[in-house]
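Novice: Structure: protein24.cif, mmCIF, C-alpha atoms.
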data_my_file
loop_
_atom_site.label_atom_id
_atom_site.label_comp_id
_atom_site.auth_asym_id
_atom_site.auth_seq_id
_atom_site.Cartn_x
_atom_site.Cartn_y
_atom_site.Cartn_z
CA MET A 199 13.89 33.04 -1.81
CA LYS A 200 10.37 32.74 -3.12
CA HIS A 201 7.38 33.77 -1.08
CA PHE A 202 5.96 30.92 1.00
CA GLN A 203 2.55 31.06 -0.70
CA GLU A 204 4.24 30.81 -4.11
CA GLU A 205 6.10 27.74 -2.94
CA LEU A 206 2.84 26.17 -1.76
CA GLU A 207 1.31 26.91 -5.17
CA GLU A 208 4.33 25.29 -6.83
CA LEU A 209 3.88 22.21 -4.62
CA LYS A 210 0.22 22.00 -5.56
CA ASN A 211 1.03 22.28 -9.27
CA ARG A 212 3.60 19.51 -9.05
CA LEU A 213 1.13 17.24 -7.28
CA LEU A 214 -1.40 17.95 -10.03
CA GLU A 215 1.18 17.17 -12.69
CA MET A 216 1.95 13.89 -10.94
CA GLY A 217 -1.79 13.19 -10.62
CA GLY A 218 -2.12 13.65 -14.39
CA LEU A 219 0.68 11.15 -15.01
CA ILE A 220 -1.03 8.65 -12.70
CA GLU A 221 -4.46 9.08 -14.31
CA SER A 222 -2.86 8.44 -17.65
CA ALA A 223 -0.93 5.40 -16.37
CA VAL A 224 -4.10 3.84 -14.96
CA TYR A 225 -6.02 4.48 -18.18
CA ARG A 226 -3.24 3.01 -20.33
CA SER A 227 -2.79 -0.04 -18.08
CA VAL A 228 -6.48 -0.87 -18.46
CA LEU A 229 -6.25 -0.52 -22.25
CA ALA A 230 -3.29 -2.88 -22.15
CA VAL A 231 -5.47 -5.51 -20.43
CA VAL A 232 -8.75 -5.02 -22.25
CA GLU A 233 -7.46 -4.32 -25.77
CA LYS A 234 -4.15 -6.21 -25.49
CA ASP A 235 -2.43 -2.97 -26.47
CA THR A 236 1.36 -3.39 -26.21
CA ASP A 237 2.14 0.26 -27.00
CA GLN A 238 0.09 1.50 -24.06
CA ALA A 239 1.78 -1.09 -21.84
CA GLN A 240 5.25 0.07 -22.89
CA GLN A 241 4.29 3.70 -22.30
CA VAL A 242 3.35 2.94 -18.68
CA LEU A 243 6.65 1.15 -18.08
CA LYS A 244 8.52 4.06 -19.68
CA ASN A 245 6.87 6.67 -17.44
CA GLU A 246 7.53 4.78 -14.20
CA ALA A 247 10.99 6.30 -13.61
CA ARG A 248 9.63 9.82 -14.12
CA ILE A 249 6.85 9.22 -11.57
CA ASN A 250 9.34 7.86 -9.03
CA GLN A 251 11.58 10.89 -9.57
CA MET A 252 8.63 13.26 -9.11
CA GLU A 253 7.68 11.56 -5.85
CA ILE A 254 11.13 12.25 -4.42
CA GLU A 255 11.14 15.87 -5.60
CA ILE A 256 7.66 16.58 -4.24
CA ASP A 257 8.53 14.93 -0.94
CA ASP A 258 11.71 17.03 -0.69
CA LEU A 259 9.84 20.24 -1.51
CA ALA A 260 7.08 19.55 1.06
CA THR A 261 9.60 18.59 3.75
CA ARG A 262 11.71 21.69 3.03
CA LEU A 263 8.64 23.94 3.36
CA LEU A 264 7.83 22.27 6.68
CA ALA A 265 11.36 22.92 7.87
CA LEU A 266 11.84 26.49 6.64
CA GLN A 267 8.66 27.94 7.98
CA GLN A 268 6.52 27.85 11.03
CA PRO A 269 3.40 27.22 8.98
CA MET A 270 -0.05 28.27 10.13
CA ALA A 271 -2.59 25.53 10.85
CA VAL A 272 -4.15 25.62 7.38
CA ASP A 273 -0.77 25.48 5.60
CA LEU A 274 0.44 22.73 7.90
CA ARG A 275 -2.63 20.67 7.05
CA PHE A 276 -1.91 21.26 3.37
CA LEU A 277 1.74 20.20 3.70
CA THR A 278 1.00 17.00 5.60
CA ALA A 279 -1.84 16.18 3.18
CA ALA A 280 0.56 16.83 0.27
CA ILE A 281 3.09 14.36 1.70
CA LYS A 282 0.40 11.70 2.04
CA ILE A 283 -1.21 12.29 -1.35
CA ASN A 284 2.23 12.18 -2.98
CA ASN A 285 2.83 8.82 -1.32
CA ASP A 286 -0.56 7.49 -2.49
CA LEU A 287 0.10 8.68 -6.05
CA GLU A 288 3.46 6.95 -6.19
CA ARG A 289 1.89 3.69 -5.01
CA MET A 290 -0.84 4.10 -7.61
CA GLY A 291 1.88 4.33 -10.24
CA ASP A 292 3.28 1.02 -8.97
CA LEU A 293 -0.19 -0.55 -9.20
CA ALA A 294 -0.56 0.59 -12.82
CA VAL A 295 2.79 -1.08 -13.51
CA ASN A 296 1.54 -4.27 -11.81
CA ILE A 297 -1.55 -4.23 -14.05
CA VAL A 298 0.65 -3.79 -17.13
CA GLU A 299 2.77 -6.78 -16.09
CA ARG A 300 -0.39 -8.90 -15.84
CA ALA A 301 -1.55 -7.51 -19.21
CA LEU A 302 1.74 -8.54 -20.83
CA ALA A 303 1.42 -12.05 -19.33
CA LEU A 304 -2.16 -12.27 -20.60
CA MET A 305 -1.03 -11.32 -24.13
CA GLN A 306 1.06 -14.53 -24.16
CA GLU A 307 -2.03 -16.65 -23.57
CA PRO A 308 -4.07 -17.77 -26.58
CA MET A 309 -7.35 -17.58 -24.70
CA ILE A 310 -10.95 -16.57 -25.02
CA MET A 311 -11.67 -13.67 -22.72
CA PRO A 312 -14.48 -14.65 -20.37
CA THR A 313 -17.38 -12.22 -19.94
CA ILE A 314 -15.94 -10.83 -16.80
CA ASP A 315 -16.59 -7.30 -15.71
CA ILE A 316 -13.02 -6.09 -15.47
CA PRO A 317 -13.76 -3.17 -17.86
CA GLN A 318 -16.64 -1.97 -15.69
CA MET A 319 -14.55 -2.19 -12.54
CA ALA A 320 -11.76 -0.34 -14.36
CA ARG A 321 -14.12 2.48 -15.40
CA GLN A 322 -15.40 2.90 -11.84
CA THR A 323 -11.86 2.92 -10.47
CA GLU A 324 -10.68 5.45 -13.08
CA SER A 325 -13.61 7.67 -12.18
CA MET A 326 -12.67 7.50 -8.45
CA VAL A 327 -9.06 8.40 -9.26
CA ARG A 328 -10.13 11.37 -11.39
CA LYS A 329 -12.68 12.62 -8.85
CA SER A 330 -10.27 12.37 -5.93
CA LEU A 331 -7.74 14.50 -7.81
CA ASP A 332 -10.42 16.99 -8.92
CA ALA A 333 -11.63 17.20 -5.31
CA PHE A 334 -8.06 18.01 -4.26
CA VAL A 335 -7.63 20.73 -6.94
CA ARG A 336 -10.92 22.42 -6.15
CA GLY A 337 -10.97 21.71 -2.41
CA ASP A 338 -14.38 20.16 -3.04
CA ALA A 339 -15.56 18.22 0.03
CA GLU A 340 -18.78 17.04 -1.64
CA LEU A 341 -16.89 15.47 -4.52
CA ALA A 342 -14.48 13.85 -2.05
CA ARG A 343 -17.46 12.29 -0.26
CA THR A 344 -18.76 10.73 -3.49
CA VAL A 345 -15.37 9.00 -3.83
CA LEU A 346 -15.75 7.48 -0.36
CA LEU A 347 -19.19 6.18 -1.30
CA SER A 348 -17.97 4.65 -4.59
CA ASP A 349 -15.43 2.50 -2.76
CA ASP A 350 -18.07 0.03 -1.59
CA ALA A 351 -19.42 -0.37 -5.14
CA VAL A 352 -15.93 -1.24 -6.39
CA ASP A 353 -15.52 -3.79 -3.60
CA ASP A 354 -18.87 -5.40 -4.51
CA LEU A 355 -17.82 -5.59 -8.16
CA ARG A 356 -14.53 -7.18 -7.13
CA ASP A 357 -16.40 -9.92 -5.23
CA ILE A 358 -18.53 -10.67 -8.31
CA ILE A 359 -15.44 -10.79 -10.53
CA TYR A 360 -13.60 -13.11 -8.12
CA GLU A 361 -16.50 -15.57 -8.15
CA GLU A 362 -16.73 -15.44 -11.97
CA LEU A 363 -12.99 -16.05 -12.25
CA MET A 364 -13.15 -18.94 -9.78
CA ARG A 365 -15.75 -20.68 -11.95
CA PHE A 366 -13.71 -19.91 -15.09
CA MET A 367 -10.62 -21.55 -13.58
CA GLN A 368 -12.55 -24.58 -12.28
CA LYS A 369 -13.89 -25.27 -15.78
CA ASP A 370 -10.54 -25.96 -17.44
CA PRO A 371 -6.99 -26.31 -16.08
CA ASP A 372 -5.79 -24.15 -18.99
CA ASN A 373 -7.86 -21.29 -17.56
CA VAL A 374 -5.97 -21.26 -14.25
CA ARG A 375 -3.00 -19.16 -15.40
CA PRO A 376 -5.01 -16.46 -17.22
CA GLY A 377 -7.59 -16.58 -14.41
CA VAL A 378 -4.92 -15.79 -11.81
CA ASN A 379 -3.65 -12.92 -13.96
CA PHE A 380 -7.16 -11.45 -14.22
CA MET A 381 -7.61 -11.90 -10.48
CA PHE A 382 -4.53 -9.81 -9.80
CA VAL A 383 -5.74 -7.17 -12.27
CA ALA A 384 -8.97 -6.93 -10.23
CA ARG A 385 -6.98 -6.84 -6.99
CA ASN A 386 -4.79 -4.01 -8.30
CA LEU A 387 -7.86 -2.05 -9.44
CA GLU A 388 -9.34 -2.48 -5.97
CA ARG A 389 -6.15 -1.13 -4.42
CA LEU A 390 -6.15 1.82 -6.83
CA ALA A 391 -9.68 2.57 -5.60
CA ASP A 392 -8.42 2.34 -2.00
CA HIS A 393 -5.70 4.91 -2.71
CA ALA A 394 -8.24 7.22 -4.38
CA THR A 395 -10.25 6.83 -1.16
CA ASN A 396 -7.18 7.77 0.91
CA ILE A 397 -6.76 10.91 -1.20
CA ALA A 398 -10.44 11.80 -0.76
CA GLU A 399 -10.05 11.37 3.02
CA ASP A 400 -7.04 13.70 2.95
CA VAL A 401 -9.07 16.25 0.97
CA LEU A 402 -11.84 16.14 3.61
CA PHE A 403 -9.25 16.61 6.34
CA LEU A 404 -7.73 19.49 4.40
CA VAL A 405 -11.01 21.25 3.65
CA GLN A 406 -12.97 20.55 6.80
CA GLY A 407 -10.37 19.54 9.36
CA VAL A 408 -12.35 16.31 9.86
CA ASP A 409 -10.40 13.09 10.24
CA VAL A 410 -12.48 10.35 8.60
CA ARG A 411 -9.89 7.57 8.63
CA HIS A 412 -11.16 4.32 10.10
CA HIS A 413 -14.57 5.81 10.87
CA ALA A 414 -16.94 4.16 8.44
CA GLU A 415 -19.95 5.68 10.17
CA VAL A 416 -18.74 9.26 9.53
CA ARG A 417 -18.25 8.48 5.86
CA LYS A 418 -21.84 7.49 5.18
CA MET B 109 4.24 21.83 28.13
CA LYS B 110 6.75 19.03 27.90
CA HIS B 111 10.24 19.57 26.58
CA PHE B 112 10.53 18.93 22.84
CA GLN B 113 13.04 16.11 23.27
CA GLU B 114 10.72 14.38 25.73
CA GLU B 115 7.90 14.61 23.22
CA LEU B 116 10.15 13.06 20.55
CA GLU B 117 10.98 10.25 22.96
CA GLU B 118 7.27 9.73 23.61
CA LEU B 119 6.63 9.58 19.84
CA LYS B 120 9.37 6.98 19.43
CA ASN B 121 7.95 4.87 22.27
CA ARG B 122 4.48 4.92 20.78
CA LEU B 123 5.86 3.85 17.39
CA LEU B 124 7.66 0.98 19.11
CA GLU B 125 4.50 -0.03 20.91
CA MET B 126 2.64 -0.02 17.60
CA GLY B 127 5.50 -1.98 16.00
CA GLY B 128 5.11 -4.61 18.72
CA LEU B 129 1.40 -4.91 18.00
CA ILE B 130 2.13 -5.32 14.29
CA GLU B 131 4.82 -7.96 14.83
CA SER B 132 2.38 -9.88 16.97
CA ALA B 133 -0.44 -9.52 14.40
CA VAL B 134 1.79 -10.83 11.60
CA TYR B 135 2.94 -13.77 13.73
CA ARG B 136 -0.62 -14.66 14.75
CA SER B 137 -1.97 -14.34 11.20
CA VAL B 138 0.62 -16.83 9.97
CA LEU B 139 -0.29 -19.27 12.76
CA ALA B 140 -3.92 -18.91 11.72
CA VAL B 141 -2.99 -20.04 8.19
CA VAL B 142 -0.44 -22.72 8.97
CA GLU B 143 -1.99 -24.27 12.07
CA LYS B 144 -5.63 -23.35 11.34
CA ASP B 145 -5.68 -21.62 14.71
CA THR B 146 -9.00 -19.76 15.14
CA ASP B 147 -8.05 -18.14 18.46
CA GLN B 148 -5.03 -16.43 16.92
CA ALA B 149 -7.19 -15.30 14.01
CA GLN B 150 -9.77 -13.75 16.37
CA GLN B 151 -7.03 -12.01 18.33
CA VAL B 152 -5.76 -10.26 15.18
CA LEU B 153 -9.27 -9.08 14.29
CA LYS B 154 -9.78 -7.87 17.86
CA ASN B 155 -6.58 -5.79 17.85
CA GLU B 156 -7.29 -4.07 14.53
CA ALA B 157 -9.30 -1.20 16.05
CA ARG B 158 -6.54 -0.49 18.58
CA ILE B 159 -3.91 -0.35 15.82
CA ASN B 160 -6.06 2.03 13.76
CA GLN B 161 -6.56 4.26 16.79
CA MET B 162 -2.82 4.29 17.51
CA GLU B 163 -2.09 5.31 13.93
CA ILE B 164 -4.30 8.39 14.28
CA GLU B 165 -2.81 9.33 17.66
CA ILE B 166 0.78 8.93 16.46
CA ASP B 167 0.03 10.90 13.31
CA ASP B 168 -1.54 13.69 15.39
CA LEU B 169 1.41 13.78 17.78
CA ALA B 170 3.98 13.91 14.96
CA THR B 171 2.03 16.60 13.10
CA ARG B 172 1.64 18.67 16.27
CA LEU B 173 5.39 18.49 16.92
CA LEU B 174 6.03 19.63 13.37
CA ALA B 175 3.66 22.56 13.88
CA LEU B 176 4.73 23.70 17.34
CA GLN B 177 8.41 23.78 16.74
CA GLN B 178 10.87 24.87 14.15
CA PRO B 179 12.73 21.56 14.34
CA MET B 180 16.40 21.19 13.52
CA ALA B 181 17.35 19.08 10.50
CA VAL B 182 17.88 15.89 12.49
CA ASP B 183 14.56 16.22 14.35
CA LEU B 184 12.73 17.11 11.15
CA ARG B 185 14.07 13.94 9.53
CA PHE B 186 12.90 11.96 12.54
CA LEU B 187 9.40 13.48 12.44
CA THR B 188 8.88 12.89 8.71
CA ALA B 189 10.28 9.35 9.06
CA ALA B 190 7.91 8.76 12.00
CA ILE B 191 4.90 9.83 9.89
CA LYS B 192 5.93 7.43 7.12
CA ILE B 193 6.77 4.50 9.40
CA ASN B 194 3.45 4.97 11.20
CA ASN B 195 1.67 4.80 7.85
CA ASP B 196 3.57 1.64 6.88
CA LEU B 197 2.77 0.00 10.21
CA GLU B 198 -0.94 0.71 9.85
CA ARG B 199 -0.96 -0.83 6.39
CA MET B 200 0.92 -3.84 7.74
CA GLY B 201 -1.87 -4.25 10.27
CA ASP B 202 -4.37 -4.30 7.39
CA LEU B 203 -2.31 -6.95 5.61
CA ALA B 204 -2.28 -9.16 8.72
CA VAL B 205 -6.09 -8.83 8.77
CA ASN B 206 -6.21 -9.81 5.08
CA ILE B 207 -4.14 -12.91 5.85
CA VAL B 208 -6.49 -13.80 8.70
CA GLU B 209 -9.50 -13.49 6.38
CA ARG B 210 -7.83 -15.93 3.97
CA ALA B 211 -6.98 -18.22 6.90
CA LEU B 212 -10.63 -18.27 8.01
CA ALA B 213 -11.73 -19.09 4.44
CA LEU B 214 -9.13 -21.88 4.26
CA MET B 215 -10.44 -23.38 7.51
CA GLN B 216 -13.78 -23.98 5.75
CA GLU B 217 -12.09 -26.14 3.12
CA PRO B 218 -11.63 -29.84 3.80
CA MET B 219 -8.36 -30.01 1.93
CA ILE B 220 -4.94 -31.54 1.99
CA MET B 221 -2.35 -28.81 2.39
CA PRO B 222 0.07 -29.01 -0.51
CA THR B 223 3.79 -28.91 0.29
CA ILE B 224 3.99 -25.27 -0.47
CA ASP B 225 6.54 -23.07 1.16
CA ILE B 226 4.20 -20.52 2.72
CA PRO B 227 5.71 -21.17 6.21
CA GLN B 228 9.23 -20.44 4.96
CA MET B 229 8.11 -17.25 3.22
CA ALA B 230 6.26 -16.27 6.41
CA ARG B 231 9.39 -16.79 8.54
CA GLN B 232 11.50 -14.65 6.20
CA THR B 233 8.87 -11.93 6.16
CA GLU B 234 8.53 -11.96 9.96
CA SER B 235 12.30 -11.66 10.25
CA MET B 236 12.30 -8.62 7.91
CA VAL B 237 9.54 -6.97 9.93
CA ARG B 238 11.40 -7.55 13.21
CA LYS B 239 14.75 -6.38 11.83
CA SER B 240 13.30 -3.21 10.30
CA LEU B 241 11.80 -2.26 13.66
CA ASP B 242 15.00 -3.15 15.54
CA ALA B 243 16.97 -1.05 13.03
CA PHE B 244 14.64 1.86 13.76
CA VAL B 245 14.99 1.50 17.57
CA ARG B 246 18.76 1.27 17.49
CA GLY B 247 19.33 3.58 14.51
CA ASP B 248 21.27 0.69 13.01
CA ALA B 249 22.03 1.33 9.32
CA GLU B 250 23.75 -2.03 8.82
CA LEU B 251 20.71 -3.94 10.03
CA ALA B 252 18.47 -1.79 7.81
CA ARG B 253 20.62 -2.74 4.82
CA THR B 254 20.17 -6.46 5.53
CA VAL B 255 16.40 -5.90 5.32
CA LEU B 256 16.78 -4.35 1.85
CA LEU B 257 18.80 -7.35 0.72
CA SER B 258 16.25 -9.86 2.07
CA ASP B 259 13.48 -8.38 -0.05
CA ASP B 260 14.75 -10.07 -3.22
CA ALA B 261 14.84 -13.47 -1.48
CA VAL B 262 11.20 -13.06 -0.46
CA ASP B 263 10.26 -12.13 -4.03
CA ASP B 264 12.03 -15.24 -5.36
CA LEU B 265 10.19 -17.43 -2.86
CA ARG B 266 6.90 -15.85 -3.88
CA ASP B 267 7.57 -16.77 -7.54
CA ILE B 268 8.23 -20.39 -6.56
CA ILE B 269 5.06 -20.51 -4.45
CA TYR B 270 2.96 -19.02 -7.27
CA GLU B 271 4.16 -21.69 -9.68
CA GLU B 272 3.50 -24.47 -7.14
CA LEU B 273 0.01 -23.12 -6.51
CA MET B 274 -0.70 -22.85 -10.23
CA ARG B 275 0.10 -26.56 -10.67
CA PHE B 276 -1.97 -27.42 -7.57
CA MET B 277 -5.02 -25.61 -9.01
CA GLN B 278 -4.59 -27.12 -12.47
CA LYS B 279 -4.62 -30.63 -10.99
CA ASP B 280 -8.16 -30.52 -9.61
CA PRO B 281 -11.00 -27.94 -9.90
CA ASP B 282 -11.62 -28.36 -6.16
CA ASN B 283 -8.14 -26.97 -5.55
CA VAL B 284 -8.93 -23.65 -7.25
CA ARG B 285 -10.63 -21.97 -4.30
CA PRO B 286 -8.05 -22.93 -1.63
CA GLY B 287 -5.29 -22.26 -4.19
CA VAL B 288 -6.51 -18.69 -4.69
CA ASN B 289 -6.66 -18.16 -0.93
CA PHE B 290 -3.06 -19.38 -0.54
CA MET B 291 -2.02 -17.15 -3.43
CA PHE B 292 -3.40 -14.10 -1.65
CA VAL B 293 -1.66 -15.15 1.58
CA ALA B 294 1.64 -15.18 -0.35
CA ARG B 295 0.78 -11.83 -1.94
CA ASN B 296 0.05 -10.29 1.45
CA LEU B 297 3.31 -11.66 2.88
CA GLU B 298 5.16 -10.13 -0.05
CA ARG B 299 3.53 -6.77 0.63
CA LEU B 300 4.42 -7.04 4.33
CA ALA B 301 8.03 -7.53 3.23
CA ASP B 302 7.71 -4.45 0.99
CA HIS B 303 6.54 -2.35 3.93
CA ALA B 304 9.42 -3.66 6.09
CA THR B 305 11.66 -2.53 3.22
CA ASN B 306 10.05 0.93 3.25
CA ILE B 307 10.76 1.18 6.99
CA ALA B 308 14.38 0.11 6.46
CA GLU B 309 14.73 2.81 3.77
CA ASP B 310 13.34 5.40 6.18
CA VAL B 311 15.84 4.24 8.83
CA LEU B 312 18.73 4.70 6.36
CA PHE B 313 17.43 8.17 5.51
CA LEU B 314 17.14 8.95 9.21
CA VAL B 315 20.58 7.67 10.19
CA GLN B 316 22.62 8.61 7.15
CA GLY B 317 20.54 11.22 5.35
CA VAL B 318 20.75 9.01 2.26
CA ASP B 319 17.62 8.65 0.16
CA VAL B 320 17.64 5.09 -1.20
CA ARG B 321 14.11 5.01 -2.62
CA HIS B 322 13.95 3.84 -6.21
CA HIS B 323 17.74 3.49 -6.44
CA ALA B 324 18.40 -0.24 -6.53
CA GLU B 325 22.09 0.29 -7.25
CA VAL B 326 22.64 2.17 -3.98
CA ARG B 327 20.99 -0.62 -2.03
CA LYS B 328 23.42 -3.33 -3.08
#
As structure tokens - that is how I would like this structure written.

Specialist:
Amino acid sequence: MKHFQEELEELKNRLLEMGGLIESAVYRSVLAVVEKDTDQAQQVLKNEARINQMEIEIDDLATRLLALQQPMAVDLRFLTAAIKINNDLERMGDLAVNIVERALALMQEPMIMPTIDIPQMARQTESMVRKSLDAFVRGDAELARTVLLSDDAVDDLRDIIYEELMRFMQKDPDNVRPGVNFMFVARNLERLADHATNIAEDVLFLVQGVDVRHHAEVRK
Amino acid sequence: MKHFQEELEELKNRLLEMGGLIESAVYRSVLAVVEKDTDQAQQVLKNEARINQMEIEIDDLATRLLALQQPMAVDLRFLTAAIKINNDLERMGDLAVNIVERALALMQEPMIMPTIDIPQMARQTESMVRKSLDAFVRGDAELARTVLLSDDAVDDLRDIIYEELMRFMQKDPDNVRPGVNFMFVARNLERLADHATNIAEDVLFLVQGVDVRHHAEVRK
């Protein structure tokens, strides 16, 4: 049987590997929307099964470590954070798949892309995802806090995009279907940002033992 | 210090109490949409803080029980299932709040409600939520399986509603804004059904030790 600390290290490495897959899925899904890139779309769909499999394996490993040992406080915090982060990552994979499905629907539509700031929202979301994972790797509370602050900016951008899309759809009935698809892309990006925020909250809990869930005032 | 089994019983009771709050929030949020009932909407918003507080307390209790004891396999499964179900319930509370926000926006619109099957989708979703919680209370694997089967029916209904709403919005630019609000109501109901499905999967894992995540073939 491996040493407990080695097993924890293994768990961390697997979470990082999964995080890398998710970052890549999010990036590819956005390319599929913005550049109508079918290859990137297919790649995301292809990797979904592997991500789902990793979630189960990571969950099993974390649960086994909880069961086998009587972990100290710091290790227990790490294990429960790992279970939550794993869960967030798996859901982020699902959201990337949702975005790809909307991208594939949009490719069917012979339409002029409105000047809507989906790419900017996508870049901000990608940056939150990357920072939340970096904060986890390095145990960097400051970086985690910047993720929490970015969440409001993404929400503001979403509101602007929704209003732009509403006007786009009102202008021409033919715009309704693509408009709805873009709206769900924005919604999925917003939820990706929410999951990055969850991960950042878990990192703060892990590093500082501070529970910042549902306490907006603490996050400022 | 209380006996471990008493603490487990306490944890279960708190989860049930939270489940009751969630069932009520979902029911009220649907009334807010369908009957434009402001009082029900306000009640959901009022209960949100309590639900969020309960999530933290349940999470702390479950984590403490994991830390204090070296639980046996069956208790370990219960504790990890409790952490997941708690997380699902909290997210379901957020979804009920989302529905209420759409309901409040819809109340501003002087519009004729199209004959769209939101009420039927809402009833099916409410039934899945109730059954998944009942399955958890009674440890009833058969009931949990019926929840998994219902999920496809809800998804089919969502597709029909989306198409109806698309036509409704294409007919008149003034229908775009209410149409989008209804679309997000349907989307939130679908996600509520997904969380009920997650809970049913956790119940199956708890009762039978079978992991049915991501394995559609096992679920049939």

Novice: What's the 12 Å shell around Glu117 (chain B), counting all atoms listed in the file, without same-chain residues fewer than 4 positions away, as a count of residues only?

Specialist: 16

Novice: Taking the point (9.2, -19.4, 3.5) as given in the file, collect each protein or nucleic acid residue that comes within 12 Å of it, counting all atoms listed in the file, and present the set as a ChimeraX atom specification.

Specialist: /B:138,142,223-235,258,261-269,293-294,297-298,301

Novice: Please produce a file of the residues just selected, as a short mmCIF file (atom, residue, chain, number, x, y, z; two decimals), in the coordinates of the input, where the atoms kept are C-alpha atoms.

Specialist:
data_model
loop_
_atom_site.label_atom_id
_atom_site.label_comp_id
_atom_site.auth_asym_id
_atom_site.auth_seq_id
_atom_site.Cartn_x
_atom_site.Cartn_y
_atom_site.Cartn_z
CA VAL B 138 0.62 -16.83 9.97
CA VAL B 142 -0.44 -22.72 8.97
CA THR B 223 3.79 -28.91 0.29
CA ILE B 224 3.99 -25.27 -0.47
CA ASP B 225 6.54 -23.07 1.16
CA ILE B 226 4.20 -20.52 2.72
CA PRO B 227 5.71 -21.17 6.21
CA GLN B 228 9.23 -20.44 4.96
CA MET B 229 8.11 -17.25 3.22
CA ALA B 230 6.26 -16.27 6.41
CA ARG B 231 9.39 -16.79 8.54
CA GLN B 232 11.50 -14.65 6.20
CA THR B 233 8.87 -11.93 6.16
CA GLU B 234 8.53 -11.96 9.96
CA SER B 235 12.30 -11.66 10.25
CA SER B 258 16.25 -9.86 2.07
CA ALA B 261 14.84 -13.47 -1.48
CA VAL B 262 11.20 -13.06 -0.46
CA ASP B 263 10.26 -12.13 -4.03
CA ASP B 264 12.03 -15.24 -5.36
CA LEU B 265 10.19 -17.43 -2.86
CA ARG B 266 6.90 -15.85 -3.88
CA ASP B 267 7.57 -16.77 -7.54
CA ILE B 268 8.23 -20.39 -6.56
CA ILE B 269 5.06 -20.51 -4.45
CA VAL B 293 -1.66 -15.15 1.58
CA ALA B 294 1.64 -15.18 -0.35
CA LEU B 297 3.31 -11.66 2.88
CA GLU B 298 5.16 -10.13 -0.05
CA ALA B 301 8.03 -7.53 3.23
#

Novice: Around the point (-2.4, -14.2, 13.6) (coordinates from the file), which residues reach within 9 Å if we count only C-alpha atoms? Answer as a list in words.

Specialist: Ser132, Ala133, Val134, Tyr135, Arg136, Ser137, Val138, Leu139, Ala140, Val141, Asp145, Thr146, Asp147, Gln148, Ala149, Gln150, Gln151, Val152, Leu153, Ala204, Val205, Ile207 and Val208 of chain B

Novice: Which chain B residues are at most 9 Å from chain A (counting only C-alpha atoms), as an mmCIF file with C-alpha atoms, keeping the file's coordinate frame?

Specialist:
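Generated file (iface_12.cif):
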data_model
loop_
_atom_site.group_PDB
_atom_site.id
_atom_site.type_symbol
_atom_site.label_atom_id
_atom_site.label_comp_id
_atom_site.auth_asym_id
_atom_site.auth_seq_id
_atom_site.Cartn_x
_atom_site.Cartn_y
_atom_site.Cartn_z
ATOM 1 C CA ALA B 157 -9.300 -1.200 16.050
ATOM 2 C CA ASN B 160 -6.060 2.030 13.760
ATOM 3 C CA GLN B 161 -6.560 4.260 16.790
ATOM 4 C CA ILE B 164 -4.300 8.390 14.280
ATOM 5 C CA THR B 171 2.030 16.600 13.100
ATOM 6 C CA LEU B 174 6.030 19.630 13.370
ATOM 7 C CA ALA B 175 3.660 22.560 13.880
ATOM 8 C CA LEU B 176 4.730 23.700 17.340
ATOM 9 C CA GLN B 177 8.410 23.780 16.740
ATOM 10 C CA GLN B 178 10.870 24.870 14.150
ATOM 11 C CA PRO B 179 12.730 21.560 14.340
ATOM 12 C CA MET B 180 16.400 21.190 13.520
ATOM 13 C CA ALA B 181 17.350 19.080 10.500
ATOM 14 C CA LEU B 184 12.730 17.110 11.150
ATOM 15 C CA ARG B 185 14.070 13.940 9.530
ATOM 16 C CA THR B 188 8.880 12.890 8.710
ATOM 17 C CA LYS B 192 5.930 7.430 7.120
ATOM 18 C CA MET B 274 -0.700 -22.850 -10.230
ATOM 19 C CA ARG B 275 0.100 -26.560 -10.670
ATOM 20 C CA MET B 277 -5.020 -25.610 -9.010
ATOM 21 C CA GLN B 278 -4.590 -27.120 -12.470
ATOM 22 C CA LYS B 279 -4.620 -30.630 -10.990
ATOM 23 C CA ASP B 280 -8.160 -30.520 -9.610
ATOM 24 C CA PRO B 281 -11.000 -27.940 -9.900
ATOM 25 C CA ASP B 282 -11.620 -28.360 -6.160
ATOM 26 C CA ASN B 283 -8.140 -26.970 -5.550
ATOM 27 C CA VAL B 284 -8.930 -23.650 -7.250
ATOM 28 C CA ARG B 285 -10.630 -21.970 -4.300
ATOM 29 C CA VAL B 288 -6.510 -18.690 -4.690
ATOM 30 C CA MET B 291 -2.020 -17.150 -3.430
ATOM 31 C CA ASP B 319 17.620 8.650 0.160
ATOM 32 C CA ARG B 321 14.110 5.010 -2.620
ATOM 33 C CA HIS B 322 13.950 3.840 -6.210
#

Novice: Name the residues that the PyMOL selection byres ((chain A and resi 396) around 10) pulls out of this structure, and write them as an MDAnalysis selection string.

Specialist: chainID A and resid 282:283 286 330 342 345:346 390:395 397:402 410:411

Novice: So what do you get for CA of Ala301 (chain A) versus CA of Glu362 (chain A), distance-wise?

Specialist: 18.6 Å

Novice: If I wrap all listed atoms of region 325-336 of chain A in a box with edges along x, y and z and add 5 Å on each side, what are its centre and edge lengths in Å to one decimal, as AutoDock Vina command-line options?

Specialist:
--center_x -10.6 --center_y 15.0 --center_z -8.2 --size_x 16.0 --size_y 24.9 --size_z 17.9

Novice: What separation in Å, quoted to one decimal, exists between CA of Leu129 (chain B) and CA of Phe244 (chain B)?

Specialist: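 We find that CA of Leu129 (chain B) and CA of Phe244 (chain B) lie 15.5 Å from each other.
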
Novice: Please determine, counting only C-alpha atoms, which residue among B:Asn296, B:Leu119, B:Asp260, B:Asn206 has the shortest atom-to-atom distance to Ala189 (chain B).

Specialist: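 When distances to Ala189 (chain B) are compared using only C-alpha atoms, the smallest one comes from B:Leu119.
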